[in-house]
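**Student:** Sharing target-v6.txt, compact mmCIF, C-alpha atoms:
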# COMPACT_ATOMS: atom_id res chain seq x y z
CA MET A 15 0.00 0.00 0.00
CA LYS A 16 1.35 3.44 -0.93
CA HIS A 17 1.71 5.84 1.98
CA LYS A 18 1.41 9.64 1.87
CA SER A 19 3.03 11.97 4.38
CA GLY A 20 3.96 15.64 4.54
CA PHE A 21 4.12 18.99 6.28
CA VAL A 22 1.12 21.25 5.72
CA ASN A 23 1.94 24.69 7.07
CA ILE A 24 -0.70 27.31 7.86
CA LEU A 25 0.26 30.97 7.32
CA GLY A 26 -1.61 34.24 7.30
CA ASN A 27 -2.09 37.59 9.00
CA PRO A 28 -3.22 37.92 12.63
CA ASN A 29 -6.88 37.25 13.42
CA VAL A 30 -7.88 35.53 10.16
CA GLY A 31 -8.67 32.25 11.94
CA LYS A 32 -5.53 30.13 11.43
CA SER A 33 -5.75 28.50 14.86
CA THR A 34 -9.47 27.76 14.50
CA ILE A 35 -8.78 26.10 11.14
CA MET A 36 -5.85 24.11 12.57
CA ASN A 37 -7.96 22.84 15.48
CA ALA A 38 -10.83 21.94 13.17
CA LEU A 39 -8.53 20.01 10.82
CA VAL A 40 -6.77 18.15 13.65
CA GLY A 41 -9.92 17.62 15.71
CA GLU A 42 -8.23 18.83 18.92
CA ASN A 43 -7.81 22.23 20.57
CA LEU A 44 -4.02 22.44 20.23
CA SER A 45 -3.79 26.15 19.37
CA ILE A 46 -5.30 28.70 21.72
CA ILE A 47 -7.97 30.94 20.28
CA THR A 48 -9.00 34.45 21.33
CA SER A 49 -10.38 37.47 19.52
CA LYS A 50 -7.09 39.32 20.13
CA ALA A 51 -4.41 39.58 17.46
CA GLN A 52 -1.06 37.80 17.92
CA THR A 53 -2.53 35.08 20.14
CA THR A 54 -0.26 32.41 18.62
CA ARG A 55 3.43 32.93 19.47
CA HIS A 56 4.92 29.51 18.67
CA ARG A 57 4.83 27.09 15.78
CA ILE A 58 2.55 24.26 16.89
CA MET A 59 2.29 20.96 15.04
CA GLY A 60 -0.83 18.81 15.00
CA MET A 61 -0.93 15.41 13.31
CA VAL A 62 -3.74 13.54 11.60
CA ASN A 63 -3.02 9.87 10.96
CA GLY A 64 -4.74 7.30 8.79
CA GLU A 65 -3.78 3.84 7.64
CA ASP A 66 -2.08 5.16 4.51
CA PHE A 67 -1.39 8.81 5.36
CA GLN A 68 0.08 11.19 7.93
CA ILE A 69 -0.68 14.92 7.72
CA ILE A 70 1.50 17.17 9.89
CA TYR A 71 -0.21 20.53 10.19
CA SER A 72 1.66 23.56 11.57
CA ASP A 73 -0.06 26.58 13.06
CA THR A 74 2.16 29.67 13.03
CA PRO A 75 2.11 33.20 14.46
CA GLY A 76 0.39 35.85 12.36
CA ILE A 77 2.55 37.79 9.88
CA ILE A 78 3.65 41.03 11.56
CA LYS A 79 6.30 43.70 11.30
CA PRO A 80 8.63 42.97 14.26
CA ASN A 81 8.89 45.64 16.98
CA TYR A 82 11.12 43.75 19.42
CA LYS A 83 12.98 40.43 19.78
CA LEU A 84 9.91 38.38 20.68
CA HIS A 85 8.32 39.47 17.39
CA GLU A 86 11.54 38.59 15.54
CA SER A 87 11.42 35.08 17.01
CA MET A 88 7.76 34.73 16.05
CA MET A 89 8.56 35.75 12.46
CA ARG A 90 11.39 33.21 12.33
CA PHE A 91 8.75 30.52 12.98
CA VAL A 92 6.72 31.96 10.08
CA ASN A 93 9.67 32.09 7.66
CA LYS A 94 10.75 28.55 8.55
CA ALA A 95 7.20 27.33 7.91
CA LEU A 96 7.27 29.08 4.53
CA SER A 97 10.46 27.27 3.55
CA ASP A 98 9.86 23.70 4.80
CA ALA A 99 6.26 23.08 3.72
CA ASP A 100 5.14 20.31 1.36
CA ILE A 101 1.80 22.12 1.06
CA LEU A 102 1.07 25.69 2.11
CA LEU A 103 -2.32 26.75 3.44
CA TYR A 104 -2.48 30.54 3.22
CA VAL A 105 -5.41 31.87 5.24
CA THR A 106 -7.18 35.13 4.54
CA ASP A 107 -10.72 36.13 5.48
CA PHE A 108 -13.72 37.75 3.89
CA GLY A 109 -12.91 41.22 5.24
CA GLU A 110 -9.17 41.29 4.54
CA LYS A 111 -7.64 43.43 1.80
CA ILE A 112 -5.46 41.57 -0.69
CA ASP A 113 -2.55 43.99 -0.36
CA ARG A 114 -2.27 43.62 3.45
CA SER A 115 0.80 41.36 3.18
CA HIS A 116 1.99 42.22 -0.32
CA ASP A 117 5.59 41.00 0.26
CA TYR A 118 4.46 37.59 1.52
CA ILE A 119 1.98 37.19 -1.33
CA LYS A 120 4.87 37.74 -3.75
CA LYS A 121 6.97 35.12 -1.93
CA ILE A 122 4.08 32.64 -1.93
CA GLY A 123 3.54 33.22 -5.65
CA LYS A 124 7.10 32.04 -6.34
CA LEU A 125 6.80 28.77 -4.39
CA SER A 126 7.08 25.49 -6.30
CA ILE A 127 4.87 23.60 -3.82
CA PRO A 128 1.05 23.44 -3.92
CA VAL A 129 -0.60 26.50 -2.36
CA VAL A 130 -4.17 26.28 -1.07
CA LEU A 131 -5.67 29.69 -0.31
CA LEU A 132 -8.42 29.55 2.30
CA ILE A 133 -10.88 32.44 2.44
CA ASN A 134 -12.25 32.14 5.99
CA LYS A 135 -15.35 33.76 7.56
CA ILE A 136 -17.44 33.64 4.39
CA ASP A 137 -20.48 33.42 6.67
CA LEU A 138 -20.02 37.21 6.93
CA ALA A 139 -20.72 37.64 3.21
CA THR A 140 -24.12 39.07 2.28
CA SER A 141 -24.27 37.27 -1.08
CA GLN A 142 -22.64 34.50 -3.06
CA GLU A 143 -21.70 37.10 -5.65
CA ASP A 144 -19.50 38.90 -3.09
CA VAL A 145 -17.67 35.62 -2.41
CA GLU A 146 -17.15 34.99 -6.13
CA VAL A 147 -15.78 38.52 -6.66
CA LEU A 148 -13.28 37.99 -3.84
CA ILE A 149 -12.24 34.58 -5.20
CA ALA A 150 -11.58 36.17 -8.60
CA LYS A 151 -9.41 38.89 -7.03
CA TRP A 152 -7.34 36.33 -5.13
CA GLN A 153 -7.01 34.13 -8.22
CA GLU A 154 -5.55 37.14 -10.02
CA ALA A 155 -3.09 37.76 -7.16
CA LEU A 156 -2.10 34.06 -6.88
CA PRO A 157 -2.89 32.41 -10.23
CA SER A 158 -1.51 28.99 -9.30
CA ALA A 159 -3.32 28.75 -5.92
CA ILE A 160 -6.25 26.44 -5.27
CA ILE A 161 -8.91 28.56 -3.57
CA ILE A 162 -11.40 27.20 -1.02
CA PRO A 163 -13.92 29.49 0.71
CA LEU A 164 -14.87 28.28 4.19
CA SER A 165 -16.13 29.15 7.64
CA ALA A 166 -13.95 27.53 10.30
CA LYS A 167 -16.28 28.73 13.06
CA LYS A 168 -19.26 26.95 11.45
CA LYS A 169 -17.10 24.02 10.21
CA PHE A 170 -18.23 24.76 6.64
CA ASN A 171 -15.92 23.28 3.95
CA ILE A 172 -13.35 22.02 6.49
CA ASN A 173 -13.73 18.54 5.03
CA ALA A 174 -13.10 19.94 1.53
CA VAL A 175 -9.76 21.31 2.82
CA PHE A 176 -8.86 17.91 4.28
CA GLU A 177 -9.74 16.12 1.03
CA LYS A 178 -7.66 18.57 -1.03
CA VAL A 179 -4.67 18.24 1.32
CA LEU A 180 -4.89 14.45 1.14
CA GLU A 181 -4.98 14.62 -2.66
CA LEU A 182 -1.89 16.89 -2.81
CA LEU A 183 0.14 15.07 -0.14
CA PRO A 184 3.38 13.53 -1.47
CA GLU A 185 4.08 9.81 -1.26
CA PHE A 186 6.38 9.30 1.73
CA PRO A 187 6.65 7.11 4.85
CA PRO A 188 5.35 8.60 8.13
CA TYR A 189 7.67 11.10 9.82
CA TYR A 190 6.32 10.41 13.32
CA SER A 191 4.82 7.41 15.10
CA LYS A 192 1.17 6.90 14.13
CA ASP A 193 -0.08 7.54 17.69
CA SER A 194 1.51 11.02 17.79
CA LEU A 195 -0.80 14.02 17.99
CA THR A 196 1.65 16.91 18.40
CA ASP A 197 5.32 17.80 18.82
CA LYS A 198 4.66 19.84 22.00
CA SER A 199 4.87 18.69 25.62
CA GLU A 200 2.11 18.62 28.24
CA ARG A 201 3.90 21.49 30.03
CA PHE A 202 3.65 23.58 26.87
CA PHE A 203 -0.11 23.07 26.60
CA ALA A 204 -0.54 23.86 30.30
CA SER A 205 1.27 27.18 29.79
CA GLU A 206 -0.77 27.96 26.66
CA ILE A 207 -4.10 27.30 28.41
CA ILE A 208 -3.12 29.66 31.25
CA ARG A 209 -1.92 32.27 28.74
CA GLN A 210 -5.24 32.03 26.90
CA LYS A 211 -7.10 32.87 30.12
CA VAL A 212 -4.82 35.87 30.65
CA MET A 213 -5.55 36.99 27.06
CA LEU A 214 -9.29 36.70 27.70
CA ASN A 215 -9.43 38.24 31.18
CA TYR A 216 -7.22 41.31 30.79
CA GLN A 217 -7.19 44.25 28.41
CA LYS A 218 -4.80 46.63 26.63
CA GLU A 219 -1.09 45.79 26.93
CA ILE A 220 -1.40 43.14 29.67
CA PRO A 221 -1.84 40.06 27.39
CA TYR A 222 1.12 41.10 25.24
CA SER A 223 3.38 41.77 28.24
CA THR A 224 2.91 38.38 29.89
CA GLU A 225 4.61 35.01 29.51
CA ILE A 226 3.73 31.82 31.38
CA GLU A 227 6.38 29.57 32.88
CA ILE A 228 5.45 26.15 34.25
CA GLU A 229 7.72 25.77 37.27
CA GLU A 230 6.30 22.44 38.38
CA PHE A 231 4.24 19.79 36.57
CA ARG A 232 3.63 16.62 38.59
CA ASP A 233 1.23 13.94 37.42
CA GLU A 234 0.18 12.09 40.59
CA ASP A 235 -3.30 11.15 41.83
CA ILE A 236 -4.14 14.63 40.60
CA LEU A 237 -2.17 16.89 38.27
CA ARG A 238 -0.17 19.43 40.30
CA ILE A 239 0.87 22.53 38.36
CA ARG A 240 2.73 25.58 39.64
CA ALA A 241 2.86 28.43 37.13
CA ILE A 242 4.55 31.81 37.10
CA ILE A 243 2.99 34.68 35.17
CA HIS A 244 5.86 36.92 34.07
CA VAL A 245 4.98 40.59 33.54
CA MET A 246 7.08 43.61 32.57
CA ARG A 247 6.10 46.18 35.22
CA ASP A 248 4.94 46.39 38.85
CA THR A 249 1.71 48.07 37.72
CA GLN A 250 0.96 45.08 35.50
CA LYS A 251 1.57 42.73 38.43
CA GLY A 252 -1.02 44.67 40.41
CA ILE A 253 -3.55 44.44 37.59
CA ILE A 254 -2.99 40.69 37.12
CA ILE A 255 -3.51 40.04 40.86
CA GLY A 256 -6.40 42.50 41.26
CA ARG A 257 -7.99 43.76 44.44
CA GLN A 258 -7.49 41.22 47.22
CA GLY A 259 -6.34 38.71 44.57
CA ALA A 260 -9.77 38.57 42.89
CA ALA A 261 -8.54 38.89 39.28
CA LEU A 262 -5.87 36.22 39.67
CA LYS A 263 -8.36 33.91 41.36
CA LYS A 264 -10.84 34.34 38.49
CA THR A 265 -8.12 33.62 35.91
CA GLY A 266 -6.87 30.63 37.91
CA THR A 267 -10.33 29.10 38.19
CA ALA A 268 -10.96 29.43 34.44
CA ALA A 269 -7.52 27.95 33.69
CA ARG A 270 -7.99 25.04 36.10
CA LEU A 271 -11.33 24.07 34.57
CA GLU A 272 -9.84 24.15 31.05
CA LEU A 273 -6.76 22.18 32.20
CA GLU A 274 -9.00 19.51 33.73
CA ALA A 275 -10.96 19.22 30.48
CA PHE A 276 -7.77 19.07 28.40
CA PHE A 277 -5.89 16.51 30.54
CA GLY A 278 -8.96 14.55 31.67
CA LYS A 279 -8.18 14.61 35.38
CA LYS A 280 -8.35 16.81 38.49
CA VAL A 281 -5.85 19.67 38.61
CA PHE A 282 -4.36 21.53 41.56
CA LEU A 283 -3.12 24.84 40.13
CA GLU A 284 -0.96 27.41 41.87
CA MET A 285 -0.19 30.70 40.10
CA PHE A 286 2.28 33.41 41.05
CA VAL A 287 3.08 36.74 39.39
CA LYS A 288 6.66 37.93 38.87
CA VAL A 289 8.08 41.13 37.34
CA ASN A 290 10.57 40.29 34.59
CA LYS A 291 10.85 43.60 32.76
CA ASP A 292 13.13 42.63 29.85
CA TRP A 293 11.77 39.22 28.91
CA ARG A 294 10.52 40.30 25.42
CA THR A 295 13.84 41.87 24.42
CA LYS A 296 16.54 39.59 25.90
CA ASP A 297 17.80 36.57 23.93
CA TYR A 298 18.47 34.47 27.02
CA GLN A 299 14.93 35.06 28.31
CA LEU A 300 13.38 34.17 24.95
CA LYS A 301 15.50 31.01 24.82
CA ARG A 302 14.30 30.09 28.32
CA PHE A 303 10.70 30.45 27.18
CA GLY A 304 11.20 28.34 24.05
CA TYR A 305 11.33 31.08 21.39
CA LYS A 306 14.89 30.31 20.29
Just give me the structure of the file as structure tokens.
**Tutor:**
Amino acid sequence: MKHKSGFVNILGNPNVGKSTIMNALVGENLSIITSKAQTTRHRIMGMVNGEDFQIIYSDTPGIIKPNYKLHESMMRFVNKALSDADILLYVTDFGEKIDRSHDYIKKIGKLSIPVVLLINKIDLATSQEDVEVLIAKWQEALPSAIIIPLSAKKKFNINAVFEKVLELLPEFPPYYSKDSLTDKSERFFASEIIRQKVMLNYQKEIPYSTEIEIEEFRDEDILRIRAIIHVMRDTQKGIIIGRQGAALKKTGTAARLELEAFFGKKVFLEMFVKVNKDWRTKDYQLKRFGYK
């Protein structure tokens, strides 16, 4: 029996729905999702295995112009995913202008691998004609791309994406064992779940100034997790904790419930807040947090 296997990398601008698409294709919530831009900071692999195929999807950070070293590291993940893909899924959405990432569109147009352009959020369109006009514009910008309109939120056309990926996948033995789901550790997903709750519960610069470090992860009769929320300023520490610890308690409760659902067992979660003012701009800090 011939076996297909390959790396299917998902790229696009912030907030177009890359993580929602990745989770829908993999069937697991591996990438955190919020309404805020730049939610994804790492490259996260999710694997779908069948008897005669292995699809290795990669979710990546949104394409941005770097402002500091953390952004530079995030864009390195994007550029690596652009260069090592067997199939590229470029995600846009119904409201996005075609010239938003002109330089990347030019790069994608020169690729020799199959490119599937996904127009997400078409449920926002008022008519089929609007969708067809947008498809025609994208076909002009990327003539060799296969274009699939979809709604990841409503799971519309997700199966069409899977079928197209399977059709385009090269013949190759599996890269990973067939029971693998992801390349990330349980500690990583614990930190991402906590970070998602910070993204959801706090406003303005707070979500972008925080990083989660899992100091202890012990799987006993219950899962015991001790996490540190790193912030950049004392004022941010105060906001994270809140009056009499109320904000931190709310975030911790939401994180614990999600952790229990994800890991399928009871969780004892401790969270502490620490000021680490240079973490976004120092190489050794970024290396410590897995960005290097």
**Student:** For a quick check of understanding, using all atoms listed in the file, which of A:Val30, A:Asn81, A:Phe186, A:Leu44 has the smallest distance to Ser199 of chain A?
**Tutor:**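 Closest to Ser199 of chain A of all the choices is A:Leu44.
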**Student:** Residues of segment 156-195 of chain A within 9 Å of segment 31-35 of chain A: nearest atom pair and distance (Å, one decimal) for each, counting all atoms listed in the file, sorted by chain and number, as a tab-separated table?
**Tutor:**
residue	atom	partner	partner_atom	distance
A:Ser165	CA	A:Ile35	CA	8.7
A:Ala166	CA	A:Ile35	CA	5.4
A:Lys167	CA	A:Thr34	CA	7.0
A:Lys169	CA	A:Ile35	CA	8.6
A:Ile172	CA	A:Ile35	CA	7.7
**Student:** Could you dump the residues just selected with C-alpha atoms as a PDB file, in the coordinates of the input?
**Tutor:**
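That gives us again.pdb:
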ATOM      1  CA  SER A 165     -16.130  29.150   7.640  1.00  0.00           C
ATOM      2  CA  ALA A 166     -13.950  27.530  10.300  1.00  0.00           C
ATOM      3  CA  LYS A 167     -16.280  28.730  13.060  1.00  0.00           C
ATOM      4  CA  LYS A 169     -17.100  24.020  10.210  1.00  0.00           C
ATOM      5  CA  ILE A 172     -13.350  22.020   6.490  1.00  0.00           C
TER       6      ILE A 172
END
**Student:** Hey, what's within 7 Å of segment 284-301 of chain A if we count all atoms listed in the file and toss same-chain stuff fewer than 5 positions away? As a ChimeraX atom specification, please?
**Tutor:** /A:82-84,239-248,251,306
**Student:** Just to confirm, what's the straight-line distance from atom CA of Lys124 of chain A to atom CA of Ile149 of chain A in Å (one decimal)?
**Tutor:**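 Separation between atom CA of Lys124 of chain A and atom CA of Ile149 of chain A: 19.5 Å.
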**Student:** Write out as a ChimeraX atom specification which residues come within 6 Å of Met61 of chain A when counting only C-alpha atoms, dropping same-chain ones fewer than 3 positions away.
**Tutor:** /A:69-70,195-196
**Student:** Considering all atoms listed in the file, state which residue in the set A:Gly64, A:Phe170, A:Thr48, A:Asp233 is at the smallest distance from Tyr216 of chain A.
**Tutor:**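 Smallest distance to Tyr216 of chain A is found for A:Thr48.
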**Student:** Neighbours of Met89 of chain A within 12 Å (only C-alpha atoms; same-chain residues fewer than 2 positions away dropped), as a PDB file with C-alpha atoms, keeping the file's coordinate frame?
**Tutor:**
ATOM      1  CA  LEU A  25       0.260  30.970   7.320  1.00  0.00           C
ATOM      2  CA  GLY A  26      -1.610  34.240   7.300  1.00  0.00           C
ATOM      3  CA  ASN A  27      -2.090  37.590   9.000  1.00  0.00           C
ATOM      4  CA  PRO A  28      -3.220  37.920  12.630  1.00  0.00           C
ATOM      5  CA  GLN A  52      -1.060  37.800  17.920  1.00  0.00           C
ATOM      6  CA  THR A  54      -0.260  32.410  18.620  1.00  0.00           C
ATOM      7  CA  ARG A  55       3.430  32.930  19.470  1.00  0.00           C
ATOM      8  CA  HIS A  56       4.920  29.510  18.670  1.00  0.00           C
ATOM      9  CA  ARG A  57       4.830  27.090  15.780  1.00  0.00           C
ATOM     10  CA  THR A  74       2.160  29.670  13.030  1.00  0.00           C
ATOM     11  CA  PRO A  75       2.110  33.200  14.460  1.00  0.00           C
ATOM     12  CA  GLY A  76       0.390  35.850  12.360  1.00  0.00           C
ATOM     13  CA  ILE A  77       2.550  37.790   9.880  1.00  0.00           C
ATOM     14  CA  ILE A  78       3.650  41.030  11.560  1.00  0.00           C
ATOM     15  CA  LYS A  79       6.300  43.700  11.300  1.00  0.00           C
ATOM     16  CA  PRO A  80       8.630  42.970  14.260  1.00  0.00           C
ATOM     17  CA  ASN A  81       8.890  45.640  16.980  1.00  0.00           C
ATOM     18  CA  TYR A  82      11.120  43.750  19.420  1.00  0.00           C
ATOM     19  CA  LYS A  83      12.980  40.430  19.780  1.00  0.00           C
ATOM     20  CA  LEU A  84       9.910  38.380  20.680  1.00  0.00           C
ATOM     21  CA  HIS A  85       8.320  39.470  17.390  1.00  0.00           C
ATOM     22  CA  GLU A  86      11.540  38.590  15.540  1.00  0.00           C
ATOM     23  CA  SER A  87      11.420  35.080  17.010  1.00  0.00           C
ATOM     24  CA  PHE A  91       8.750  30.520  12.980  1.00  0.00           C
ATOM     25  CA  VAL A  92       6.720  31.960  10.080  1.00  0.00           C
ATOM     26  CA  ASN A  93       9.670  32.090   7.660  1.00  0.00           C
ATOM     27  CA  LYS A  94      10.750  28.550   8.550  1.00  0.00           C
ATOM     28  CA  ALA A  95       7.200  27.330   7.910  1.00  0.00           C
ATOM     29  CA  LEU A  96       7.270  29.080   4.530  1.00  0.00           C
ATOM     30  CA  TYR A 118       4.460  37.590   1.520  1.00  0.00           C
ATOM     31  CA  TYR A 305      11.330  31.080  21.390  1.00  0.00           C
ATOM     32  CA  LYS A 306      14.890  30.310  20.290  1.00  0.00           C
TER      33      LYS A 306
END
**Student:** Determine, counting only C-alpha atoms, which protein, DNA and RNA residues have an atom within 12 Å of an atom of Glu65 of chain A; residues of the same chain fewer than 5 positions away are not included. Present the result as a list in words.
**Tutor:**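 Here the answer would be Met15, Lys16, His17, Lys18, Ser19, Pro187, Pro188, Ser191, Lys192 and Asp193 of chain A.
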